[in-house]
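K.L.:
So here's start.csv (CSV, C-alpha atoms and all ligand atoms).
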chain,number,residue,atom,x,y,z
A,1,MET,CA,16.6,0.3,-24.2
A,2,SER,CA,14.7,-2.5,-22.4
A,3,GLU,CA,14.3,-4.9,-25.4
A,4,SER,CA,17.9,-6.2,-25.0
A,5,ILE,CA,17.6,-6.9,-21.2
A,6,THR,CA,17.2,-10.6,-20.2
A,7,ASN,CA,15.4,-11.2,-16.9
A,8,LYS,CA,16.2,-14.3,-14.9
A,9,GLN,CA,13.3,-15.5,-12.9
A,10,VAL,CA,12.4,-18.2,-10.3
A,11,ARG,CA,9.0,-19.7,-10.7
A,12,LEU,CA,7.0,-22.1,-8.6
A,13,ALA,CA,7.0,-25.4,-10.4
A,14,ALA,CA,5.1,-27.6,-7.9
A,15,ARG,CA,3.3,-27.3,-4.6
A,16,PRO,CA,5.8,-28.7,-2.0
A,17,VAL,CA,5.0,-31.5,0.4
A,18,GLY,CA,7.0,-30.8,3.6
A,19,LEU,CA,10.2,-28.8,3.0
A,20,PRO,CA,10.5,-27.2,-0.5
A,21,LYS,CA,12.7,-29.2,-2.8
A,22,GLN,CA,14.8,-28.0,-5.7
A,23,SER,CA,12.3,-29.6,-8.1
A,24,ASP,CA,9.5,-27.3,-6.7
A,25,TRP,CA,11.3,-24.4,-8.5
A,26,LYS,CA,11.9,-23.6,-12.1
A,27,PHE,CA,14.5,-21.1,-13.4
A,28,THR,CA,13.4,-19.3,-16.5
A,29,SER,CA,14.6,-16.3,-18.6
A,30,ALA,CA,12.5,-13.7,-20.4
A,31,THR,CA,13.2,-10.5,-22.3
A,32,VAL,CA,12.1,-7.4,-20.5
A,33,PRO,CA,9.2,-5.9,-22.6
A,34,ASP,CA,9.2,-2.2,-23.7
A,35,LEU,CA,7.7,0.1,-21.2
A,36,LYS,CA,4.2,1.5,-21.7
A,37,GLU,CA,3.1,4.9,-20.5
A,38,GLY,CA,2.9,4.9,-16.7
A,39,GLU,CA,5.3,1.9,-16.3
A,40,VAL,CA,8.7,1.5,-14.7
A,41,LEU,CA,11.6,-0.9,-14.9
A,42,ILE,CA,13.3,-1.8,-11.6
A,43,LYS,CA,16.5,-3.7,-11.3
A,44,SER,CA,16.4,-5.9,-8.1
A,45,LEU,CA,19.2,-5.5,-5.7
A,46,TYR,CA,18.1,-7.3,-2.5
A,47,LEU,CA,15.2,-9.7,-2.0
A,48,SER,CA,13.5,-10.6,1.2
A,49,LEU,CA,13.4,-14.3,2.1
A,50,ASP,CA,10.6,-14.9,4.5
A,51,PRO,CA,9.1,-17.9,6.3
A,52,ALA,CA,5.7,-16.8,5.0
A,53,MET,CA,6.9,-17.8,1.5
A,54,ARG,CA,6.3,-21.4,2.5
A,55,GLY,CA,2.6,-20.6,3.1
A,56,TRP,CA,2.3,-18.7,-0.2
A,57,MET,CA,3.3,-21.9,-2.0
A,58,ASN,CA,0.3,-23.7,-0.6
A,59,GLU,CA,-3.2,-23.8,-2.2
A,60,GLY,CA,-6.1,-22.7,-0.1
A,61,ARG,CA,-7.5,-19.6,1.5
A,62,SER,CA,-5.1,-17.4,3.5
A,63,TYR,CA,-4.5,-13.7,4.1
A,64,ILE,CA,-3.1,-13.4,0.6
A,65,ARG,CA,-3.7,-15.4,-2.6
A,66,PRO,CA,-1.4,-18.3,-3.2
A,67,VAL,CA,1.4,-18.1,-5.8
A,68,ALA,CA,0.1,-19.9,-8.9
A,69,ILE,CA,2.0,-22.7,-10.5
A,70,ASP,CA,4.5,-21.3,-13.1
A,71,GLU,CA,4.1,-17.8,-11.6
A,72,VAL,CA,7.3,-15.9,-10.5
A,73,MET,CA,7.7,-16.5,-6.8
A,74,ARG,CA,6.4,-13.6,-4.7
A,75,ALA,CA,9.1,-11.7,-2.7
A,76,GLY,CA,9.5,-8.2,-1.3
A,77,GLY,CA,12.6,-6.4,-2.5
A,78,ILE,CA,14.7,-3.3,-2.9
A,79,GLY,CA,15.7,-2.1,-6.3
A,80,LYS,CA,16.8,0.7,-8.5
A,81,VAL,CA,14.7,2.4,-11.2
A,82,VAL,CA,16.6,1.8,-14.5
A,83,ALA,CA,13.9,3.1,-16.9
A,84,SER,CA,10.7,5.1,-16.2
A,85,ARG,CA,7.7,6.3,-18.1
A,86,SER,CA,6.0,7.3,-14.9
A,87,PRO,CA,6.1,10.8,-13.3
A,88,ARG,CA,6.2,9.0,-9.9
A,89,PHE,CA,9.7,7.6,-10.3
A,90,ALA,CA,12.9,8.8,-12.0
A,91,VAL,CA,15.9,6.7,-13.2
A,92,GLY,CA,18.2,6.2,-10.3
A,93,ASP,CA,15.5,6.2,-7.6
A,94,HIS,CA,15.7,3.4,-5.0
A,95,VAL,CA,12.4,1.7,-4.3
A,96,ALA,CA,11.0,-1.0,-2.2
A,97,GLY,CA,8.0,-3.2,-3.2
A,98,THR,CA,6.9,-6.8,-4.1
A,99,LEU,CA,9.4,-7.3,-6.9
A,100,GLY,CA,9.3,-11.1,-7.0
A,101,VAL,CA,12.2,-13.6,-7.2
A,102,GLN,CA,13.7,-12.2,-10.4
A,103,GLU,CA,16.4,-9.8,-11.6
A,104,TYR,CA,14.0,-7.1,-13.0
A,105,TRP,CA,10.4,-6.1,-12.3
A,106,SER,CA,8.5,-4.0,-14.8
A,107,GLY,CA,4.9,-2.8,-14.8
A,108,PRO,CA,2.6,0.0,-13.8
A,109,ALA,CA,4.2,2.3,-11.2
A,110,ASP,CA,0.9,2.3,-9.3
A,111,ASP,CA,0.4,-1.5,-9.2
A,112,ARG,CA,-1.3,-2.0,-5.8
A,113,GLU,CA,0.0,-5.6,-5.2
A,114,VAL,CA,3.6,-4.4,-5.8
A,115,ALA,CA,3.2,-1.2,-3.7
A,116,LEU,CA,6.3,0.5,-5.0
A,117,HIS,CA,7.6,3.3,-2.8
A,118,LYS,CA,10.8,5.4,-2.7
A,119,ILE,CA,13.4,4.8,-0.1
A,120,ASP,CA,16.4,6.9,0.9
A,121,PRO,CA,19.7,5.0,0.4
A,122,ALA,CA,21.5,7.6,2.3
A,123,ALA,CA,19.5,7.2,5.5
A,124,VAL,CA,20.4,3.6,6.4
A,125,PRO,CA,22.1,0.7,4.5
A,126,LEU,CA,19.6,-0.7,1.9
A,127,PRO,CA,19.0,-4.2,3.5
A,128,LYS,CA,17.6,-2.5,6.6
A,129,TYR,CA,14.6,-1.6,4.5
A,130,LEU,CA,13.8,-5.3,4.3
A,131,ASN,CA,14.4,-5.7,8.1
A,132,ALA,CA,13.6,-3.3,10.9
A,133,LEU,CA,12.4,-0.6,8.5
A,134,GLY,CA,10.5,-3.1,6.3
A,135,MET,CA,7.9,-5.8,6.7
A,136,PRO,CA,9.4,-7.7,9.6
A,137,GLY,CA,10.0,-4.5,11.6
A,138,MET,CA,6.4,-3.4,10.9
A,139,THR,CA,5.2,-6.8,12.1
A,140,ALA,CA,7.2,-6.5,15.3
A,141,TYR,CA,6.3,-2.9,16.0
A,142,PHE,CA,2.5,-3.2,15.5
A,143,GLY,CA,2.1,-6.7,16.7
A,144,LEU,CA,3.8,-5.8,20.0
A,145,LEU,CA,2.3,-2.4,20.6
A,146,GLU,CA,-1.2,-2.9,19.2
A,147,ILE,CA,-1.9,-6.6,20.2
A,148,GLY,CA,0.6,-7.0,23.0
A,149,MET,CA,-0.1,-3.6,24.5
A,150,PRO,CA,3.0,-3.5,26.7
A,151,ARG,CA,3.2,-1.5,29.9
A,152,ALA,CA,6.5,-0.5,31.5
A,153,GLY,CA,7.7,-3.1,34.0
A,154,GLU,CA,5.9,-6.0,32.3
A,155,THR,CA,7.7,-9.2,31.2
A,156,VAL,CA,7.7,-9.8,27.4
A,157,VAL,CA,8.9,-13.2,26.0
A,158,VAL,CA,9.6,-13.5,22.3
A,159,SER,CA,10.5,-16.6,20.3
A,160,GLY,CA,12.7,-16.5,17.2
A,161,ALA,CA,14.5,-13.8,19.2
A,162,ALA,CA,17.5,-13.5,17.0
A,163,GLY,CA,15.5,-13.4,13.8
A,164,ALA,CA,14.1,-10.5,11.8
A,165,VAL,CA,10.8,-10.0,13.7
A,166,GLY,CA,12.2,-11.2,17.1
A,167,GLN,CA,15.1,-8.8,17.3
A,168,THR,CA,12.8,-5.8,16.7
A,169,VAL,CA,10.1,-7.1,19.1
A,170,GLY,CA,12.6,-7.3,21.9
A,171,GLN,CA,14.2,-3.9,21.3
A,172,VAL,CA,10.8,-2.1,21.0
A,173,ALA,CA,9.8,-3.8,24.2
A,174,LYS,CA,13.0,-2.5,25.9
A,175,HIS,CA,12.3,1.0,24.6
A,176,LYS,CA,8.8,0.8,26.2
A,177,GLY,CA,10.3,-0.2,29.6
A,178,CYS,CA,9.6,-3.9,29.6
A,179,ARG,CA,11.7,-6.8,30.8
A,180,VAL,CA,12.5,-8.9,27.8
A,181,VAL,CA,13.3,-12.6,27.6
A,182,GLY,CA,14.2,-14.1,24.2
A,183,ILE,CA,14.0,-17.7,23.1
A,184,ALA,CA,16.5,-18.7,20.3
A,185,GLY,CA,18.4,-21.7,19.0
A,186,GLY,CA,22.0,-21.8,20.2
A,187,LYS,CA,24.4,-20.0,22.4
A,188,GLU,CA,25.7,-17.6,19.8
A,189,LYS,CA,22.2,-16.3,19.0
A,190,CYS,CA,21.3,-16.0,22.7
A,191,ASP,CA,24.6,-14.1,23.4
A,192,PHE,CA,23.8,-11.7,20.6
A,193,VAL,CA,20.3,-10.8,21.8
A,194,VAL,CA,21.5,-10.2,25.4
A,195,ASN,CA,24.9,-8.6,24.8
A,196,GLU,CA,24.2,-6.7,21.6
A,197,LEU,CA,20.5,-6.0,21.6
A,198,GLY,CA,20.0,-5.5,25.3
A,199,PHE,CA,17.5,-8.3,26.1
A,200,ASP,CA,17.5,-9.2,29.8
A,201,ALA,CA,17.9,-12.9,29.2
A,202,CYS,CA,17.6,-15.6,26.5
A,203,ILE,CA,16.6,-19.2,26.7
A,204,ASP,CA,18.5,-21.5,24.3
A,205,TYR,CA,15.7,-23.9,23.4
A,206,LYS,CA,18.0,-26.2,21.6
A,207,ASN,CA,20.2,-26.8,24.7
A,208,GLU,CA,18.0,-26.1,27.7
A,209,SER,CA,14.5,-26.7,29.0
A,210,VAL,CA,12.2,-23.8,28.0
A,211,ARG,CA,10.0,-24.4,31.0
A,212,GLU,CA,12.9,-24.2,33.4
A,213,GLY,CA,14.2,-21.1,31.7
A,214,LEU,CA,10.9,-19.4,32.0
A,215,LYS,CA,10.7,-20.3,35.6
A,216,LYS,CA,14.1,-18.8,36.2
A,217,HIS,CA,13.7,-15.6,34.1
A,218,CYS,CA,10.0,-14.9,34.5
A,219,PRO,CA,9.4,-15.3,38.2
A,220,LYS,CA,6.2,-13.2,38.1
A,221,GLY,CA,5.0,-15.0,34.9
A,222,VAL,CA,4.8,-13.9,31.3
A,223,ASP,CA,2.7,-10.8,30.6
A,224,ILE,CA,3.2,-10.8,26.8
A,225,TYR,CA,4.3,-13.7,24.6
A,226,PHE,CA,5.1,-12.7,21.0
A,227,ASP,CA,4.9,-16.1,19.3
A,228,ASN,CA,6.9,-16.6,16.1
A,229,VAL,CA,7.3,-20.4,16.3
A,230,GLY,CA,4.1,-22.1,17.7
A,231,GLY,CA,4.4,-25.8,18.6
A,232,GLU,CA,5.9,-27.0,21.9
A,233,ILE,CA,7.3,-23.6,22.8
A,234,LEU,CA,3.9,-22.1,22.7
A,235,ASP,CA,2.7,-24.7,25.1
A,236,ASP,CA,5.6,-24.1,27.4
A,237,VAL,CA,4.9,-20.4,27.6
A,238,LEU,CA,1.1,-21.0,28.1
A,239,ALA,CA,2.1,-22.9,31.2
A,240,LYS,CA,3.8,-19.7,32.6
A,241,LEU,CA,1.3,-16.9,31.9
A,242,ALA,CA,0.7,-14.1,34.3
A,243,MET,CA,-2.9,-12.8,35.0
A,244,LYS,CA,-4.4,-10.9,32.0
A,245,ALA,CA,-1.5,-12.0,29.7
A,246,ARG,CA,-1.6,-11.3,26.0
A,247,ILE,CA,-0.3,-13.7,23.4
A,248,VAL,CA,0.5,-12.3,19.9
A,249,ILE,CA,0.1,-15.0,17.3
A,250,CYS,CA,2.5,-13.8,14.7
A,251,GLY,CA,3.7,-17.0,13.2
A,252,ALA,CA,4.3,-20.7,13.8
A,253,ILE,CA,7.4,-21.6,11.8
A,254,SER,CA,7.8,-24.9,13.6
A,255,GLN,CA,4.7,-26.0,11.9
A,256,TYR,CA,5.0,-24.7,8.3
A,257,ASN,CA,6.5,-27.8,6.8
A,258,ASN,CA,4.4,-30.3,8.6
A,259,THR,CA,3.1,-33.2,6.6
A,260,THR,CA,0.9,-34.1,9.6
A,261,PRO,CA,-1.8,-31.8,11.1
A,262,VAL,CA,-0.6,-28.6,12.8
A,263,ARG,CA,0.1,-29.1,16.5
A,264,GLY,CA,-2.4,-26.9,18.4
A,265,PRO,CA,-1.8,-25.6,22.0
A,266,ALA,CA,-2.7,-28.3,24.5
A,267,ASN,CA,-2.3,-25.8,27.4
A,268,TYR,CA,-5.0,-23.4,26.2
A,269,MET,CA,-7.0,-23.7,29.4
A,270,SER,CA,-4.3,-21.5,30.9
A,271,LEU,CA,-6.0,-18.7,29.0
A,272,LEU,CA,-9.1,-19.3,31.0
A,273,VAL,CA,-7.4,-19.6,34.4
A,274,ASN,CA,-5.3,-16.4,33.8
A,275,ARG,CA,-8.1,-14.4,32.0
A,276,ALA,CA,-5.6,-14.2,29.2
A,277,ARG,CA,-6.1,-13.8,25.5
A,278,MET,CA,-4.4,-14.9,22.3
A,279,GLU,CA,-4.8,-12.9,19.1
A,280,GLY,CA,-3.5,-13.3,15.6
A,281,MET,CA,-2.1,-10.4,13.5
A,282,VAL,CA,-1.2,-9.8,9.9
A,283,VAL,CA,1.2,-6.9,9.2
A,284,PHE,CA,-0.6,-5.6,6.1
A,285,ASP,CA,-3.5,-4.4,8.3
A,286,TYR,CA,-1.2,-1.6,9.5
A,287,ALA,CA,0.0,-0.4,6.1
A,288,ASP,CA,-1.4,3.0,6.5
A,289,ARG,CA,0.6,3.6,9.6
A,290,TYR,CA,4.0,2.1,8.6
A,291,HIS,CA,5.4,5.6,8.5
A,292,VAL,CA,4.8,6.0,12.2
A,293,ALA,CA,6.9,2.9,13.0
A,294,VAL,CA,9.6,3.9,10.5
A,295,ALA,CA,9.9,7.3,12.0
A,296,GLU,CA,10.3,6.1,15.6
A,297,MET,CA,12.7,3.2,14.9
A,298,SER,CA,14.8,5.4,12.5
A,299,GLN,CA,15.2,7.9,15.3
A,300,TRP,CA,16.3,5.1,17.7
A,301,MET,CA,18.8,3.9,15.1
A,302,LYS,CA,20.2,7.4,14.7
A,303,GLU,CA,20.5,7.7,18.5
A,304,GLY,CA,22.4,4.4,18.5
A,305,SER,CA,19.8,2.7,20.8
A,306,PHE,CA,18.4,0.3,18.2
A,307,ARG,CA,20.2,-2.2,16.0
A,308,SER,CA,19.2,-4.7,13.3
A,309,ARG,CA,21.2,-7.5,11.9
A,310,GLU,CA,20.9,-9.0,8.4
A,311,ASP,CA,22.3,-12.2,7.0
A,312,ILE,CA,23.0,-11.7,3.3
A,313,VAL,CA,23.3,-14.5,0.8
A,314,GLN,CA,24.6,-13.7,-2.7
A,315,GLY,CA,23.0,-14.8,-6.0
A,316,LEU,CA,19.5,-15.4,-7.4
A,317,GLU,CA,20.5,-19.0,-8.2
A,318,LYS,CA,20.9,-19.6,-4.4
A,319,PHE,CA,17.2,-18.9,-3.7
A,320,PRO,CA,16.0,-22.5,-3.2
A,321,GLU,CA,18.7,-23.4,-0.7
A,322,ALA,CA,18.8,-20.0,1.0
A,323,LEU,CA,15.1,-20.2,1.7
A,324,LEU,CA,15.7,-23.5,3.6
A,325,MET,CA,18.0,-21.7,6.0
A,326,LEU,CA,15.0,-20.2,7.7
A,327,PHE,CA,13.6,-23.6,8.6
A,328,GLU,CA,16.9,-24.9,9.8
A,329,GLY,CA,17.8,-21.9,11.9
A,330,LYS,CA,20.8,-21.3,9.7
A,331,ASN,CA,20.0,-17.6,9.2
A,332,PHE,CA,21.4,-15.2,11.8
A,333,GLY,CA,19.3,-12.1,11.5
A,334,LYS,CA,17.0,-11.1,8.7
A,335,LEU,CA,17.7,-13.3,5.7
A,336,VAL,CA,18.3,-11.3,2.5
A,337,LEU,CA,19.3,-12.5,-1.0
A,338,GLN,CA,21.5,-10.0,-2.9
A,339,VAL,CA,20.8,-10.4,-6.6
A,340,ALA,CA,22.9,-7.5,-8.0
A,341,ALA,CA,25.6,-5.1,-6.8
A,342,GLU,CA,24.4,-1.7,-5.5
B,401,LIG,P1,13.5,-15.3,11.2
B,401,LIG,O1,13.1,-15.4,12.7
B,401,LIG,O2,14.5,-14.3,10.8
B,401,LIG,O3,14.0,-16.8,10.8
B,401,LIG,C1,13.3,-17.9,11.1
B,401,LIG,C2,13.9,-18.5,12.4
B,401,LIG,O4,12.9,-19.3,13.0
B,401,LIG,C3,15.1,-19.4,12.3
B,401,LIG,O5,16.3,-18.6,12.1
B,401,LIG,C4,15.0,-20.2,13.5
B,401,LIG,O6,15.7,-19.5,14.6
B,401,LIG,C5,13.6,-20.2,13.9
B,401,LIG,N1,13.0,-21.6,13.7
B,401,LIG,C6,13.0,-22.3,12.6
B,401,LIG,N2,12.5,-23.5,12.8
B,401,LIG,C7,12.1,-23.5,14.1
B,401,LIG,C8,11.5,-24.5,15.0
B,401,LIG,N3,11.1,-25.7,14.5
B,401,LIG,N4,11.3,-24.1,16.3
B,401,LIG,C9,11.6,-22.9,16.8
B,401,LIG,N5,12.2,-22.0,16.0
B,401,LIG,C10,12.5,-22.3,14.7
B,401,LIG,O7,12.1,-15.2,10.4
B,401,LIG,P2,11.1,-13.9,10.5
B,401,LIG,O8,11.0,-13.4,9.1
B,401,LIG,O9,11.5,-13.0,11.6
B,401,LIG,O10,9.7,-14.6,10.9
B,401,LIG,C11,9.5,-15.0,12.2
B,401,LIG,C12,8.0,-15.4,12.3
B,401,LIG,O11,7.2,-14.3,12.0
B,401,LIG,C13,7.6,-16.5,11.3
B,401,LIG,O12,6.7,-17.4,11.9
B,401,LIG,C14,6.9,-15.7,10.2
B,401,LIG,O13,6.0,-16.5,9.5
B,401,LIG,C15,6.2,-14.7,11.1
B,401,LIG,N6,5.8,-13.4,10.4
B,401,LIG,C16,4.5,-13.1,10.5
B,401,LIG,C17,4.0,-11.9,9.9
B,401,LIG,C18,2.6,-11.5,10.1
B,401,LIG,O14,2.1,-10.6,9.5
B,401,LIG,N7,1.8,-12.3,10.9
B,401,LIG,C19,4.9,-11.1,9.2
B,401,LIG,C20,6.3,-11.5,9.2
B,401,LIG,C21,6.7,-12.6,9.8
B,401,LIG,P3,16.5,-20.4,15.7
B,401,LIG,O15,17.9,-20.6,15.3
B,401,LIG,O16,16.4,-19.5,16.9
B,401,LIG,O17,15.7,-21.7,15.9
Do you think you could lay out the structure here as structure tokens?
P.N.:
Amino acid sequence: MSESITNKQVRLAARPVGLPKQSDWKFTSATVPDLKEGEVLIKSLYLSLDPAMRGWMNEGRSYIRPVAIDEVMRAGGIGKVVASRSPRFAVGDHVAGTLGVQEYWSGPADDREVALHKIDPAAVPLPKYLNALGMPGMTAYFGLLEIGMPRAGETVVVSGAAGAVGQTVGQVAKHKGCRVVGIAGGKEKCDFVVNELGFDACIDYKNESVREGLKKHCPKGVDIYFDNVGGEILDDVLAKLAMKARIVICGAISQYNNTTPVRGPANYMSLLVNRARMEGMVVFDYADRYHVAVAEMSQWMKEGSFRSREDIVQGLEKFPEALLMLFEGKNFGKLVLQVAAE
């Protein structure tokens, strides 16, 4: 059956300098090979577009190997099993895994890098498995609870508040009894996190001073800062730390496309003065406990006390321009590329 299927793929053509350009990508087609014993063929439905993709395009040591030139771009995704020679998966199963930016993935069902696992399409809409119940949600949950260690009554500040990780950080913090202040770009995003997600306040960093906003909304200082953006905003929050504050270094999207050196925190002496600490985290370190986070957040979703918003762009060919939305703040919620109808 598989020999007649053509697979459209997006490959890395060049290592970008600054923002990725159309010429950094190459669109190719390949025929899906026949399945060997133990292999499966997955049809991609939704792909996760992540700020981390920018880092994967660079050469050099990181927490994961770089995507090689001419390799299919790495991406998490949700798909449907369309052929199977593995006892682990049956035709019709829905799965999540690192499917790549392509229409089909095929290979050994137990490929460790791809980490295929079944998901239940009846439990929540499929794109949520790329958001709160997927990698960004796991990042938010474990980053906040394990590195941030929130206690009821503490003040949590999160940047990128309307984005995939940020929306979950704020809602988990509310569930743990914290006061939550978001930082996001634009009134619409700020209104969303306060009115629909239940944050206590939100600072619109594009239209108001973050320092003034922190003064107003965090009168006792910031106990936990969940940093998704780095740069100037990190310095602003450092200036407002409470004693024994914890800063979770999750990401620094403001720096990912720099062609000059990364801007480090000038205000780091605030860590000394406030006996505070700053710690990096990588979501994959918590993989053996994802099920704990999925169980708790699914329960909150069922009870109606937890939401997640996705921003879905249609079409594999839109990948290059859709990815840029992340760096321009054009995505409103978790950015997902739909590549086939469910
Ligand atoms: P996202 O927040 O859904 O989308 C990115 C958002 O970043 C944009 O919508 C934009 O929102 C904001 N942004 C872009 N450029 C900015 C700038 N110069 N200054 C301030 N904000 C800017 O993305 P996400 O998937 O949730 O990722 C958020 C962060 O978490 C990223 O840094 C990512 O690399 C990191 N992350 C880390 C891990 C880990 O394991 N450590 C895992 C997943 C994600 P506004 O409109 O509000 O500006």
K.L.:
So the first atom is CA of Ser84 (chain A) and the second is CA of Leu49 (chain A); what is the distance between them in Å, to one decimal place?
P.N.:
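Between CA of Ser84 (chain A) and CA of Leu49 (chain A) the gap works out to 26.8 Å.
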K.L.:
Closest to Arg263 (chain A) among A:Glu232, A:Arg275, A:Lys174, A:Gly185, using all atoms listed in the file?
P.N.:
A:Glu232
K.L.:
With only C-alpha atoms as the basis for distance, which of A:Thr155, A:Gln167, A:Ser254, A:Thr139 is at the shortest distance from Cys218 (chain A)?
P.N.:
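Looking only at the distances to Cys218 (chain A), the closest residue turns out to be A:Thr155.
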K.L.:
Do you know which residues are at most 12 Å from Gly166 (chain A) counting only C-alpha atoms, after dropping those on the same chain fewer than 5 positions away, and could you put them as a PyMOL selection string?
P.N.:
chain A and resi 131-132+136-141+143-144+156-161+171-173+180-184+189-190+193+197+199+202+225-229+250-251+308-309+332-334
K.L.:
For Asp223 (chain A), please output as a ChimeraX atom specification all residues within 10 Å (counting all atoms listed in the file; exclusion window: fewer than 6 positions along the same chain).
P.N.:
/A:148-151,153-157,178-179,240-247,276
K.L.:
Which residue, A:Leu19, A:Leu337, A:Val32, A:Val294, has the smallest gap to Met57 (chain A) when you use only C-alpha atoms?
P.N.:
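Using only C-alpha atoms, the shortest distance to Met57 (chain A) belongs to A:Leu19.
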K.L.:
Could you please determine the separation between CA of Thr28 (chain A) and CA of Met53 (chain A) in Å, to one decimal place?
P.N.:
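Straight-line distance from CA of Thr28 (chain A) to CA of Met53 (chain A) works out to 19.2 Å.
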K.L.:
Between A:Ile249, A:Ala14, A:Ile147, A:Val72, which has the minimum distance to ligand LIG 401 (chain B) (counting only C-alpha atoms and all ligand atoms)?
P.N.:
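Under the stated criterion, the closest residue is A:Ile249.
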K.L.:
Between A:Glu296, A:Asn7, A:Gly163, A:Val95, which is the closest to Met325 (chain A) once you count all atoms listed in the file?
P.N.:
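For Met325 (chain A), the nearest of the given residues is A:Gly163.
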K.L.:
Pick the closest to ligand LIG 401 (chain B) from A:Gly304, A:Gly221, A:Gly76, A:Gly198: which is it, counting all atoms listed in the file?
P.N.:
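Smallest separation from ligand LIG 401 (chain B) among the options: A:Gly76.
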K.L.:
Quick one, how far is atom O5 of ligand LIG 401 (chain B) from CA of Lys330 (chain A)?
P.N.:
5.8 Å
K.L.:
So that I can see what lies close to Glu113 (chain A), please list as a PyMOL selection string the residues with an atom at most 12 Å from it, counting only C-alpha atoms and leaving out residues fewer than 4 positions away in the same chain.
P.N.:
chain A and resi 64-65+74-76+97-100+107-109+117+284
